[in-house]
>>> print(open('query_26.txt').read())   # compact mmCIF, C-alpha atoms
# COMPACT_ATOMS: atom_id res chain seq x y z
CA MET A 1246 30.30 13.61 -3.88
CA LYS A 1247 29.53 9.89 -3.65
CA LYS A 1248 26.10 8.89 -4.87
CA LEU A 1249 23.69 7.32 -2.44
CA ARG A 1250 22.85 3.73 -3.42
CA VAL A 1251 19.08 3.22 -3.43
CA GLY A 1252 17.61 -0.25 -3.73
CA VAL A 1253 14.19 -0.18 -5.40
CA LEU A 1254 12.43 -3.34 -4.24
CA PHE A 1255 9.46 -4.41 -6.36
CA GLY A 1256 7.21 -7.30 -7.39
CA GLY A 1257 6.36 -9.74 -4.62
CA ARG A 1258 3.79 -12.42 -3.87
CA SER A 1259 0.91 -10.02 -3.38
CA GLY A 1260 -2.21 -9.86 -5.51
CA GLU A 1261 -1.00 -6.33 -6.24
CA HIS A 1262 2.15 -7.64 -7.95
CA GLU A 1263 1.40 -5.86 -11.24
CA VAL A 1264 0.65 -2.58 -9.49
CA SER A 1265 4.03 -2.82 -7.76
CA LEU A 1266 5.77 -3.25 -11.12
CA LEU A 1267 4.13 -0.10 -12.43
CA SER A 1268 5.01 1.88 -9.30
CA ALA A 1269 8.63 0.69 -9.43
CA ALA A 1270 8.94 1.51 -13.13
CA SER A 1271 7.78 5.07 -12.41
CA VAL A 1272 10.26 5.47 -9.54
CA LEU A 1273 13.11 4.07 -11.63
CA ASN A 1274 12.30 6.46 -14.47
CA ALA A 1275 11.92 9.56 -12.30
CA ILE A 1276 14.59 9.20 -9.60
CA ASP A 1277 17.51 11.64 -9.88
CA LYS A 1278 20.31 9.52 -11.42
CA LYS A 1279 22.83 12.30 -10.77
CA LYS A 1280 22.17 12.05 -7.04
CA TYR A 1281 21.36 8.35 -6.63
CA GLU A 1282 22.78 5.10 -7.89
CA VAL A 1283 19.78 2.82 -8.39
CA VAL A 1284 19.88 -0.89 -7.58
CA PRO A 1285 16.70 -2.63 -8.79
CA ILE A 1286 15.73 -5.68 -6.70
CA GLY A 1287 12.95 -7.90 -7.99
CA ILE A 1288 10.78 -10.50 -6.27
CA THR A 1289 8.80 -12.90 -8.43
CA ARG A 1290 5.19 -13.92 -7.85
CA GLU A 1291 6.54 -17.13 -6.35
CA GLY A 1292 8.70 -15.20 -3.87
CA ARG A 1293 12.08 -15.67 -5.59
CA TRP A 1294 14.45 -12.75 -5.14
CA LEU A 1295 16.36 -11.72 -8.26
CA THR A 1296 19.94 -10.52 -8.28
CA PRO A 1297 20.43 -6.90 -9.36
CA SER A 1298 21.97 -7.98 -12.66
CA HIS A 1299 18.71 -9.70 -13.63
CA ALA A 1300 16.41 -7.06 -12.18
CA GLU A 1301 18.44 -4.51 -14.16
CA ARG A 1302 16.61 -5.68 -17.26
CA LEU A 1303 13.59 -3.77 -16.03
CA LEU A 1304 15.47 -0.53 -16.69
CA LYS A 1305 16.60 -1.66 -20.15
CA GLY A 1306 13.10 -2.54 -21.25
CA ASP A 1307 13.60 -6.21 -22.11
CA LYS A 1308 10.31 -7.83 -23.05
CA SER A 1309 9.06 -11.33 -22.52
CA PRO A 1310 5.93 -11.88 -24.68
CA GLU A 1311 5.15 -15.25 -23.17
CA HIS A 1312 4.95 -13.68 -19.71
CA GLU A 1313 3.39 -10.32 -20.64
CA PRO A 1314 1.36 -8.97 -17.69
CA ARG A 1315 -2.13 -7.70 -18.44
CA HIS A 1316 -2.21 -3.99 -19.17
CA LEU A 1317 -3.25 -1.81 -16.27
CA ARG A 1318 -4.84 1.51 -17.11
CA ALA A 1319 -3.14 3.33 -14.23
CA GLY A 1320 0.37 2.47 -15.33
CA ASP A 1321 3.19 3.63 -17.55
CA PRO A 1322 2.46 1.74 -20.78
CA GLU A 1323 6.04 1.90 -22.10
CA ALA A 1324 7.46 0.50 -18.88
CA THR A 1325 4.77 -2.07 -18.10
CA SER A 1326 5.96 -4.75 -20.50
CA ALA A 1327 9.49 -4.54 -19.15
CA ALA A 1328 8.27 -5.74 -15.78
CA ALA A 1329 7.80 -9.22 -17.27
CA VAL A 1330 11.51 -9.72 -16.49
CA LEU A 1331 10.39 -11.07 -13.12
CA ALA A 1332 9.39 -14.29 -14.85
CA LYS A 1333 13.11 -14.85 -15.49
CA GLY A 1334 16.32 -14.46 -13.53
CA GLU A 1335 18.38 -16.29 -10.96
CA GLY A 1336 16.65 -17.15 -7.69
CA VAL A 1337 18.48 -16.07 -4.56
CA VAL A 1338 18.23 -16.49 -0.81
CA VAL A 1339 18.70 -13.24 1.11
CA PRO A 1340 19.85 -13.57 4.74
CA PRO A 1341 19.24 -10.41 6.83
CA ILE A 1342 22.71 -9.96 8.30
CA PRO A 1343 23.76 -6.48 9.49
CA GLY A 1344 27.13 -5.28 8.23
CA GLU A 1345 29.93 -3.96 10.43
CA ASN A 1346 30.40 -0.57 8.78
CA HIS A 1347 27.29 -0.51 6.63
CA SER A 1348 24.49 -2.91 5.80
CA ALA A 1349 23.83 -4.98 2.72
CA LEU A 1350 21.61 -7.84 1.63
CA VAL A 1351 24.05 -10.55 0.56
CA PRO A 1352 22.17 -12.92 -1.72
CA PHE A 1353 23.01 -16.59 -2.14
CA GLU A 1354 22.14 -18.31 -5.41
CA THR A 1355 20.50 -21.69 -5.03
CA SER A 1356 20.48 -24.80 -7.17
CA ALA A 1357 19.35 -28.37 -6.65
CA HIS A 1358 22.65 -29.35 -5.05
CA GLU A 1359 24.35 -26.32 -3.57
CA VAL A 1360 24.10 -22.81 -2.21
CA HIS A 1361 26.84 -20.28 -2.97
CA ALA A 1362 27.33 -16.52 -2.67
CA ALA A 1363 26.03 -14.57 -5.64
CA ALA A 1364 28.43 -12.48 -7.68
CA SER A 1365 26.49 -9.27 -7.07
CA PRO A 1366 25.67 -8.45 -3.43
CA ILE A 1367 22.79 -6.07 -2.87
CA ASP A 1368 24.92 -3.34 -1.33
CA VAL A 1369 22.71 -0.31 -0.71
CA ASP A 1370 22.43 2.68 1.60
CA VAL A 1371 18.64 2.69 1.69
CA ILE A 1372 15.81 0.63 0.23
CA PHE A 1373 12.62 1.94 -1.31
CA PRO A 1374 10.22 -1.02 -0.94
CA VAL A 1375 7.70 -0.28 -3.69
CA LEU A 1376 5.63 -3.27 -2.62
CA HIS A 1377 1.88 -3.12 -2.17
CA GLY A 1378 -0.40 -5.39 -0.17
CA THR A 1379 0.47 -8.69 1.47
CA PHE A 1380 4.16 -9.57 2.01
CA GLY A 1381 5.21 -5.98 1.29
CA GLU A 1382 2.95 -3.46 2.96
CA ASP A 1383 2.07 -5.54 6.01
CA GLY A 1384 5.30 -5.40 8.02
CA THR A 1385 6.89 -8.58 6.70
CA ILE A 1386 9.48 -6.99 4.41
CA GLN A 1387 9.98 -4.23 6.96
CA GLY A 1388 10.92 -6.88 9.53
CA LEU A 1389 13.52 -8.30 7.16
CA LEU A 1390 15.04 -4.87 6.60
CA GLU A 1391 15.07 -4.18 10.34
CA LEU A 1392 16.98 -7.42 10.91
CA ALA A 1393 19.45 -6.41 8.22
CA ASP A 1394 19.71 -2.90 9.76
CA ILE A 1395 19.07 -1.22 6.42
CA PRO A 1396 17.29 2.15 6.24
CA TYR A 1397 14.09 2.02 4.21
CA VAL A 1398 11.31 4.25 2.98
CA GLY A 1399 7.93 4.16 4.67
CA ALA A 1400 6.27 2.83 7.78
CA GLY A 1401 7.97 0.42 10.16
CA VAL A 1402 6.84 -3.06 11.18
CA LEU A 1403 4.09 -1.86 13.52
CA GLY A 1404 2.74 0.91 11.32
CA SER A 1405 2.74 -1.34 8.26
CA ALA A 1406 1.02 -4.23 10.04
CA THR A 1407 -1.67 -2.12 11.69
CA GLY A 1408 -2.21 -0.15 8.50
CA MET A 1409 -2.86 -3.38 6.60
CA ASP A 1410 -5.25 -4.99 9.08
CA LYS A 1411 -8.56 -3.13 8.72
CA ASP A 1412 -9.90 -4.61 11.97
CA VAL A 1413 -6.93 -3.47 14.10
CA MET A 1414 -6.70 -0.21 12.15
CA LYS A 1415 -10.29 0.69 13.01
CA LYS A 1416 -9.71 -0.08 16.68
CA LEU A 1417 -6.76 2.31 16.72
CA PHE A 1418 -8.76 4.96 14.86
CA ARG A 1419 -11.61 4.58 17.36
CA ASP A 1420 -9.27 4.84 20.33
CA ALA A 1421 -7.77 7.99 18.80
CA GLY A 1422 -11.25 9.52 18.64
CA LEU A 1423 -11.44 9.48 14.83
CA PRO A 1424 -14.86 9.23 13.15
CA ILE A 1425 -15.29 5.78 11.60
CA VAL A 1426 -18.30 3.97 10.16
CA LYS A 1427 -20.10 1.35 12.19
CA HIS A 1428 -18.75 -2.13 11.46
CA VAL A 1429 -18.58 -5.76 12.54
CA THR A 1430 -15.62 -8.13 12.34
CA VAL A 1431 -16.18 -11.89 12.11
CA LEU A 1432 -13.85 -14.82 11.64
CA ARG A 1433 -13.99 -16.87 8.46
CA SER A 1434 -14.24 -20.02 10.59
CA ALA A 1435 -17.31 -18.63 12.38
CA TRP A 1436 -19.01 -17.78 9.09
CA ARG A 1437 -18.35 -21.22 7.65
CA ALA A 1438 -19.47 -23.01 10.81
CA GLU A 1439 -22.61 -20.98 11.58
CA PRO A 1440 -23.62 -18.73 8.66
CA LYS A 1441 -27.15 -18.13 9.98
CA LYS A 1442 -25.86 -17.01 13.37
CA VAL A 1443 -23.30 -14.70 11.77
CA THR A 1444 -25.93 -13.27 9.42
CA LYS A 1445 -28.13 -12.47 12.41
CA GLN A 1446 -25.15 -10.85 14.18
CA ILE A 1447 -24.45 -8.65 11.15
CA GLU A 1448 -28.07 -7.66 10.61
CA SER A 1449 -28.62 -6.85 14.27
CA ALA A 1450 -25.71 -4.39 14.17
CA LEU A 1451 -25.90 -2.93 10.66
CA LYS A 1452 -28.47 -1.95 8.04
CA TYR A 1453 -28.06 -2.70 4.37
CA PRO A 1454 -26.29 -1.74 2.21
CA VAL A 1455 -23.01 -2.95 3.71
CA PHE A 1456 -19.51 -3.46 2.39
CA VAL A 1457 -17.87 -6.83 2.99
CA LYS A 1458 -14.06 -6.85 2.99
CA PRO A 1459 -11.15 -9.15 3.82
CA ALA A 1460 -9.37 -7.54 6.78
CA ASN A 1461 -5.91 -7.85 5.20
CA LEU A 1462 -5.67 -6.96 1.54
CA GLY A 1463 -5.34 -3.92 -0.70
CA SER A 1464 -6.49 -2.42 -3.99
CA SER A 1465 -10.12 -3.25 -3.11
CA VAL A 1466 -9.55 -6.94 -3.90
CA GLY A 1467 -12.25 -9.20 -2.45
CA ILE A 1468 -14.57 -6.30 -1.56
CA ASN A 1469 -18.27 -6.33 -2.42
CA LYS A 1470 -21.21 -4.04 -1.78
CA VAL A 1471 -24.17 -5.99 -0.40
CA HIS A 1472 -27.64 -4.50 -0.88
CA GLY A 1473 -29.59 -7.20 0.95
CA ARG A 1474 -29.45 -10.59 2.66
CA GLY A 1475 -29.51 -12.50 -0.61
CA GLU A 1476 -26.14 -11.06 -1.64
CA LEU A 1477 -24.43 -11.61 1.70
CA PRO A 1478 -23.31 -15.28 1.37
CA VAL A 1479 -21.44 -14.73 -1.91
CA ALA A 1480 -19.72 -11.62 -0.55
CA MET A 1481 -18.73 -13.35 2.70
CA ASP A 1482 -17.34 -16.35 0.84
CA GLU A 1483 -15.40 -14.08 -1.51
CA ALA A 1484 -13.84 -12.07 1.34
CA GLY A 1485 -13.09 -15.31 3.18
CA ARG A 1486 -10.95 -16.48 0.26
CA PHE A 1487 -8.42 -13.77 1.07
CA ASP A 1488 -8.25 -13.55 4.88
CA ARG A 1489 -9.31 -15.26 8.11
CA LYS A 1490 -10.96 -12.04 9.31
CA ILE A 1491 -13.87 -10.44 7.48
CA VAL A 1492 -14.88 -6.82 8.09
CA ILE A 1493 -18.47 -5.75 7.36
CA GLU A 1494 -19.09 -2.00 7.26
CA ARG A 1495 -22.25 0.04 7.12
CA GLY A 1496 -22.62 1.80 3.77
CA VAL A 1497 -22.32 5.58 4.05
CA GLY A 1498 -25.12 7.47 2.35
CA GLY A 1499 -27.75 4.75 2.64
CA ALA A 1500 -29.49 2.88 -0.17
CA LYS A 1501 -30.29 5.86 -2.38
CA SER A 1502 -27.06 7.86 -2.43
CA LYS A 1503 -23.38 6.97 -2.71
CA ALA A 1504 -20.72 8.28 -0.38
CA ARG A 1505 -18.22 10.77 -1.75
CA GLU A 1506 -14.72 9.23 -1.77
CA ILE A 1507 -12.08 11.70 -0.59
CA GLU A 1508 -8.34 11.00 -0.37
CA CYS A 1509 -5.47 12.87 1.25
CA SER A 1510 -1.72 12.23 1.09
CA VAL A 1511 0.51 12.47 4.17
CA LEU A 1512 4.29 12.97 4.19
CA GLY A 1513 6.72 13.00 7.11
CA ASN A 1514 7.85 11.15 10.23
CA ASP A 1515 7.21 12.60 13.68
CA HIS A 1516 5.84 15.86 12.27
CA PRO A 1517 3.81 14.87 9.16
CA THR A 1518 2.07 17.24 6.78
CA ALA A 1519 -0.99 16.65 4.61
CA SER A 1520 -1.58 17.47 0.95
CA ILE A 1521 -4.67 19.12 -0.43
CA PRO A 1522 -7.50 16.54 -0.61
CA GLY A 1523 -8.70 14.98 -3.83
CA GLU A 1524 -11.89 13.18 -4.77
CA ILE A 1525 -12.52 10.03 -6.78
CA VAL A 1526 -15.74 9.64 -8.74
CA PRO A 1527 -15.69 5.94 -9.67
CA ILE A 1528 -17.22 4.68 -12.88
CA LYS A 1529 -18.65 1.77 -10.90
CA GLU A 1530 -20.74 1.71 -7.75
CA PHE A 1531 -17.57 2.01 -5.70
CA TYR A 1532 -13.83 2.24 -6.38
CA ASP A 1533 -13.00 -1.47 -6.73
CA TYR A 1534 -9.94 -3.05 -8.41
CA ASP A 1535 -11.38 -2.84 -11.93
CA ALA A 1536 -12.38 0.79 -11.48
CA LYS A 1537 -8.88 1.59 -10.18
CA TYR A 1538 -6.77 -0.17 -12.75
CA LEU A 1539 -8.70 -1.62 -15.69
CA ASP A 1540 -11.86 0.28 -16.60
CA GLU A 1541 -11.83 3.73 -18.15
CA GLY A 1542 -14.10 6.45 -16.88
CA SER A 1543 -13.33 7.00 -13.18
CA GLU A 1544 -12.61 10.66 -12.50
CA LEU A 1545 -9.96 12.14 -10.20
CA ILE A 1546 -10.85 15.63 -9.02
CA ILE A 1547 -7.90 17.60 -7.56
CA PRO A 1548 -8.50 19.53 -5.44
CA ALA A 1549 -11.71 18.02 -4.13
CA LYS A 1550 -14.68 20.35 -4.34
CA LEU A 1551 -14.99 20.98 -0.63
CA PRO A 1552 -15.40 24.13 1.48
CA LYS A 1553 -12.14 25.28 3.04
CA THR A 1554 -13.33 24.19 6.47
CA LYS A 1555 -13.92 20.64 5.19
CA GLN A 1556 -10.56 20.59 3.39
CA LYS A 1557 -8.86 21.54 6.65
CA GLU A 1558 -10.87 18.90 8.53
CA VAL A 1559 -9.76 16.21 6.08
CA GLN A 1560 -6.11 17.25 6.39
CA GLN A 1561 -6.23 17.24 10.17
CA LEU A 1562 -7.95 13.84 10.28
CA ALA A 1563 -5.40 12.45 7.80
CA ILE A 1564 -2.51 13.46 10.06
CA ARG A 1565 -4.26 12.05 13.13
CA ALA A 1566 -4.91 8.75 11.32
CA PHE A 1567 -1.24 8.63 10.26
CA GLN A 1568 -0.16 9.08 13.86
CA ALA A 1569 -2.77 6.66 15.24
CA VAL A 1570 -1.16 3.67 13.48
CA ASP A 1571 2.41 4.90 14.14
CA CYS A 1572 3.05 5.49 10.45
CA ALA A 1573 6.21 7.02 8.94
CA GLY A 1574 7.34 8.36 5.60
CA LEU A 1575 4.19 8.28 3.55
CA ALA A 1576 0.57 7.23 3.55
CA ARG A 1577 -2.65 7.93 1.72
CA VAL A 1578 -5.69 8.28 3.96
CA ASP A 1579 -9.09 7.55 2.42
CA PHE A 1580 -12.33 9.11 3.61
CA LEU A 1581 -16.05 8.65 3.04
CA MET A 1582 -18.32 11.68 3.09
CA ASP A 1583 -22.06 11.36 3.60
CA PRO A 1584 -23.59 13.34 0.71
CA ARG A 1585 -26.60 14.33 2.84
CA THR A 1586 -25.09 15.28 6.20
CA ARG A 1587 -21.58 16.06 4.85
CA LYS A 1588 -20.14 14.15 7.77
CA ILE A 1589 -16.67 12.78 7.09
CA PHE A 1590 -15.52 9.30 8.15
CA VAL A 1591 -11.97 7.95 8.10
CA ASN A 1592 -12.18 4.81 5.98
CA GLU A 1593 -8.62 3.45 5.88
CA ILE A 1594 -4.93 4.22 5.57
CA ASN A 1595 -2.58 2.90 2.89
CA THR A 1596 1.03 2.89 4.07
CA MET A 1597 2.49 2.20 0.60
CA PRO A 1598 -0.11 3.54 -1.83
CA GLY A 1599 0.07 3.20 -5.59
CA PHE A 1600 3.14 5.17 -6.65
CA THR A 1601 3.04 5.59 -10.41
CA SER A 1602 3.45 9.16 -11.59
CA ILE A 1603 -0.30 9.29 -12.23
CA SER A 1604 -1.39 7.64 -8.98
CA MET A 1605 -3.42 9.67 -6.49
CA TYR A 1606 -0.68 9.92 -3.84
CA PRO A 1607 1.92 11.71 -6.01
CA LYS A 1608 -0.73 13.67 -7.93
CA LEU A 1609 -2.04 15.17 -4.69
CA TRP A 1610 1.47 16.23 -3.71
CA ALA A 1611 2.14 17.62 -7.19
CA ALA A 1612 -1.00 19.74 -6.80
CA SER A 1613 0.33 20.79 -3.37
CA GLY A 1614 3.67 21.94 -4.79
CA ILE A 1615 5.90 18.84 -4.55
CA GLU A 1616 6.62 17.27 -7.95
CA TYR A 1617 7.22 13.54 -8.38
CA PRO A 1618 11.07 13.50 -8.48
CA GLU A 1619 11.25 15.78 -5.42
CA LEU A 1620 8.72 13.58 -3.61
CA ILE A 1621 10.95 10.52 -4.20
CA ASP A 1622 13.92 12.48 -2.86
CA ARG A 1623 12.04 13.55 0.28
CA LEU A 1624 10.88 10.00 0.99
CA ILE A 1625 14.42 8.68 0.75
CA GLN A 1626 15.64 11.36 3.17
CA LEU A 1627 12.79 10.58 5.57
CA GLY A 1628 13.77 6.90 5.52
CA LEU A 1629 17.37 7.79 6.36
CA GLU A 1630 16.26 10.18 9.12
CA ARG A 1631 14.03 7.57 10.71
CA HIS A 1632 16.82 4.99 10.68
CA ALA A 1633 19.26 7.48 12.22
CA GLU A 1634 16.75 8.30 14.95
CA LYS A 1635 16.21 4.62 15.66
CA LYS A 1636 19.97 4.06 15.98
CA GLN A 1637 19.80 6.13 19.14
CA ASN A 1638 17.95 3.26 20.85
CA ARG A 1639 19.84 0.92 23.16
CA TYR A 1640 18.97 -2.76 23.21
CA SER A 1641 21.03 -3.81 26.21
CA ARG A 1642 22.16 -2.22 29.46
>>> encode(input="query_26.txt", output="structure tokens")
Amino acid sequence: MKKLRVGVLFGGRSGEHEVSLLSAASVLNAIDKKKYEVVPIGITREGRWLTPSHAERLLKGDKSPEHEPRHLRAGDPEATSAAAVLAKGEGVVVPPIPGENHSALVPFETSAHEVHAAASPIDVDVIFPVLHGTFGEDGTIQGLLELADIPYVGAGVLGSATGMDKDVMKKLFRDAGLPIVKHVTVLRSAWRAEPKKVTKQIESALKYPVFVKPANLGSSVGINKVHGRGELPVAMDEAGRFDRKIVIERGVGGAKSKAREIECSVLGNDHPTASIPGEIVPIKEFYDYDAKYLDEGSELIIPAKLPKTKQKEVQQLAIRAFQAVDCAGLARVDFLMDPRTRKIFVNEINTMPGFTSISMYPKLWAASGIEYPELIDRLIQLGLERHAEKKQNRYSR
């Protein structure tokens, strides 16, 4: 039986570049090589696509000391250094042209004087875009794959884009009747032009503490907890470095108690299912980038210590959040629980969550009975099913 060719797409221009390398290394190590032929496809920090022959070095473990990425705690240490291959390799241009009988990304190598077809076309049956954050989880790469008519794992253009934009995401959650925390969205331009007016707007709607976030980013980059007015300008400026929209949310639990952070994994297309919930007890005041990837001490509790009724509530809300943004394939839904009232709020959805073998998404499914290699297999099949379903659409009369 012919093996299915799976392109594992990794790297990218996002601030979560290193996290993507770790996720891809885990997928490449765990995927069933007897069932799938793996085609690694790398994208550098600068946005250069690498031909499979160069990206292949990731599998072989070539190291590049001068370009060694910083070590991330939540990674696979033996595979992390190999990801430095993205600092090397031939740059290619990848036009999204559908094939007649099947689809492929046909790269063209570029030089200062000419463009010519690369020796190794990216000929795949399905792509697993292990890309996190901007330019990977926001609908951009999904649009490219749609143009090329290639099946891919995960949410489509709409689900990815709405799942990335916290402002639009919250509007969809609200319209779906999901419990969300009170928040305000302001434009970076408004903050810079009239900071006093914006401060008054925020304080008239919310009480401190608040969380200030860029609307479009992941891995808690650019997020700060603000305890009072004196901390607000720095937090607003920081969030404004990363996006034109800034979301300010009321802190759950108030000034004296922290919210419990609950997470739930979702798997499926039109009929998704939810894993058992887990809980994160961050070493810091909240689960920011350092707490996620650099600092030791944060605790993952699986399953979360919740009554069965609350576990079921989390699972049901996770599925509803997944459907509210038109997600597909996979997502991790994050919740905040008020420690006093035990009320649960849907915080956000991640349409391509961290995917190392020790990341929360796969760990929750492992605890629910689906081990990491099987999870990869299911996601690939879901991507193929979604593409087949979409092929039933007509685009002309």
>>> residues_around(input="query_26.txt", residues="Thr1289 of chain A", least_positions_apart="2", cutoff="6 Å", atoms="all atoms listed in the file", output="PyMOL selection string")
chain A and resi 1256-1257+1291-1293+1331
>>> closest_residue(input="query_26.txt", among="A:Ala1612, A:Ala1569, A:Val1457, A:Val1413", to="Ala1549 of chain A", atoms="only C-alpha atoms")
A:Ala1612
>>> closest_residue(input="query_26.txt", among="A:Ser1265, A:Gln1556, A:Thr1444, A:Thr1430", to="Pro1598 of chain A", atoms="all atoms listed in the file")
A:Ser1265
>>> atom_distance(input="query_26.txt", atom1="atom CA of Ala1275 of chain A", atom2="atom CA of Phe1580 of chain A")
29.0 Å
>>> atom_distance(input="query_26.txt", atom1="atom CA of Lys1635 of chain A", atom2="atom CA of Gly1381 of chain A")
21.0 Å
>>> closest_residue(input="query_26.txt", among="A:Arg1623, A:Lys1490, A:Lys1555, A:Arg1585", to="Asn1461 of chain A", atoms="all atoms listed in the file")
A:Lys1490
>>> residues_around(input="query_26.txt", residues="Arg1565 of chain A", least_positions_apart="4", cutoff="8 Å", atoms="all atoms listed in the file", output="ChimeraX atom specification")
/A:1421,1423,1561,1569
>>> write_last_selection(input="query_26.txt", atoms="C-alpha atoms", output="mmCIF file, keeping the file's coordinate frame")
data_model
loop_
_atom_site.group_PDB
_atom_site.id
_atom_site.type_symbol
_atom_site.label_atom_id
_atom_site.label_comp_id
_atom_site.auth_asym_id
_atom_site.auth_seq_id
_atom_site.Cartn_x
_atom_site.Cartn_y
_atom_site.Cartn_z
ATOM 1 C CA ALA A 1421 -7.770 7.990 18.800
ATOM 2 C CA LEU A 1423 -11.440 9.480 14.830
ATOM 3 C CA GLN A 1561 -6.230 17.240 10.170
ATOM 4 C CA ALA A 1569 -2.770 6.660 15.240
#
>>> decode(input="query_26.txt", residues="segment 1381-1387 of chain A", atoms="all heavy atoms", output="mmCIF file, in the first residue's frame")
data_model
loop_
_atom_site.group_PDB
_atom_site.id
_atom_site.type_symbol
_atom_site.label_atom_id
_atom_site.label_comp_id
_atom_site.auth_asym_id
_atom_site.auth_seq_id
_atom_site.Cartn_x
_atom_site.Cartn_y
_atom_site.Cartn_z
ATOM 1 N N GLY A 1381 0.976 31.899 10.597
ATOM 2 C CA GLY A 1381 0.885 30.448 10.597
ATOM 3 C C GLY A 1381 -0.406 29.952 11.193
ATOM 4 O O GLY A 1381 -0.982 28.976 10.729
ATOM 5 N N GLU A 1382 -0.856 30.655 12.229
ATOM 6 C CA GLU A 1382 -2.076 30.247 12.935
ATOM 7 C C GLU A 1382 -3.201 31.251 12.701
ATOM 8 O O GLU A 1382 -4.260 31.145 13.291
ATOM 9 C CB GLU A 1382 -1.760 30.150 14.436
ATOM 10 C CG GLU A 1382 -2.762 29.384 15.269
ATOM 11 C CD GLU A 1382 -2.367 29.300 16.734
ATOM 12 O OE1 GLU A 1382 -1.196 29.594 17.072
ATOM 13 O OE2 GLU A 1382 -3.229 28.956 17.550
ATOM 14 N N ASP A 1383 -2.951 32.215 11.826
ATOM 15 C CA ASP A 1383 -3.908 33.323 11.668
ATOM 16 C C ASP A 1383 -4.646 33.309 10.333
ATOM 17 O O ASP A 1383 -5.296 34.273 9.966
ATOM 18 C CB ASP A 1383 -3.175 34.660 11.820
ATOM 19 C CG ASP A 1383 -2.045 34.837 10.811
ATOM 20 O OD1 ASP A 1383 -1.782 33.902 10.023
ATOM 21 O OD2 ASP A 1383 -1.419 35.910 10.815
ATOM 22 N N GLY A 1384 -4.540 32.231 9.588
ATOM 23 C CA GLY A 1384 -5.247 32.116 8.319
ATOM 24 C C GLY A 1384 -4.400 32.402 7.100
ATOM 25 O O GLY A 1384 -4.826 32.120 5.975
ATOM 26 N N THR A 1385 -3.204 32.953 7.295
ATOM 27 C CA THR A 1385 -2.384 33.306 6.131
ATOM 28 C C THR A 1385 -1.866 32.070 5.405
ATOM 29 O O THR A 1385 -2.011 31.949 4.181
ATOM 30 C CB THR A 1385 -1.205 34.203 6.562
ATOM 31 O OG1 THR A 1385 -0.525 33.606 7.676
ATOM 32 C CG2 THR A 1385 -1.688 35.583 6.969
ATOM 33 N N ILE A 1386 -1.268 31.141 6.143
ATOM 34 C CA ILE A 1386 -0.747 29.936 5.492
ATOM 35 C C ILE A 1386 -1.897 29.062 5.016
ATOM 36 O O ILE A 1386 -1.803 28.375 3.992
ATOM 37 C CB ILE A 1386 0.190 29.153 6.442
ATOM 38 C CG1 ILE A 1386 1.127 28.243 5.636
ATOM 39 C CG2 ILE A 1386 -0.574 28.328 7.461
ATOM 40 C CD1 ILE A 1386 2.180 28.965 4.859
ATOM 41 N N GLN A 1387 -3.005 29.102 5.731
ATOM 42 C CA GLN A 1387 -4.178 28.334 5.317
ATOM 43 C C GLN A 1387 -4.707 28.839 3.968
ATOM 44 O O GLN A 1387 -5.143 28.048 3.131
ATOM 45 C CB GLN A 1387 -5.264 28.417 6.391
ATOM 46 C CG GLN A 1387 -4.955 27.652 7.671
ATOM 47 C CD GLN A 1387 -3.960 28.345 8.588
ATOM 48 O OE1 GLN A 1387 -3.666 29.530 8.430
ATOM 49 N NE2 GLN A 1387 -3.456 27.612 9.568
#
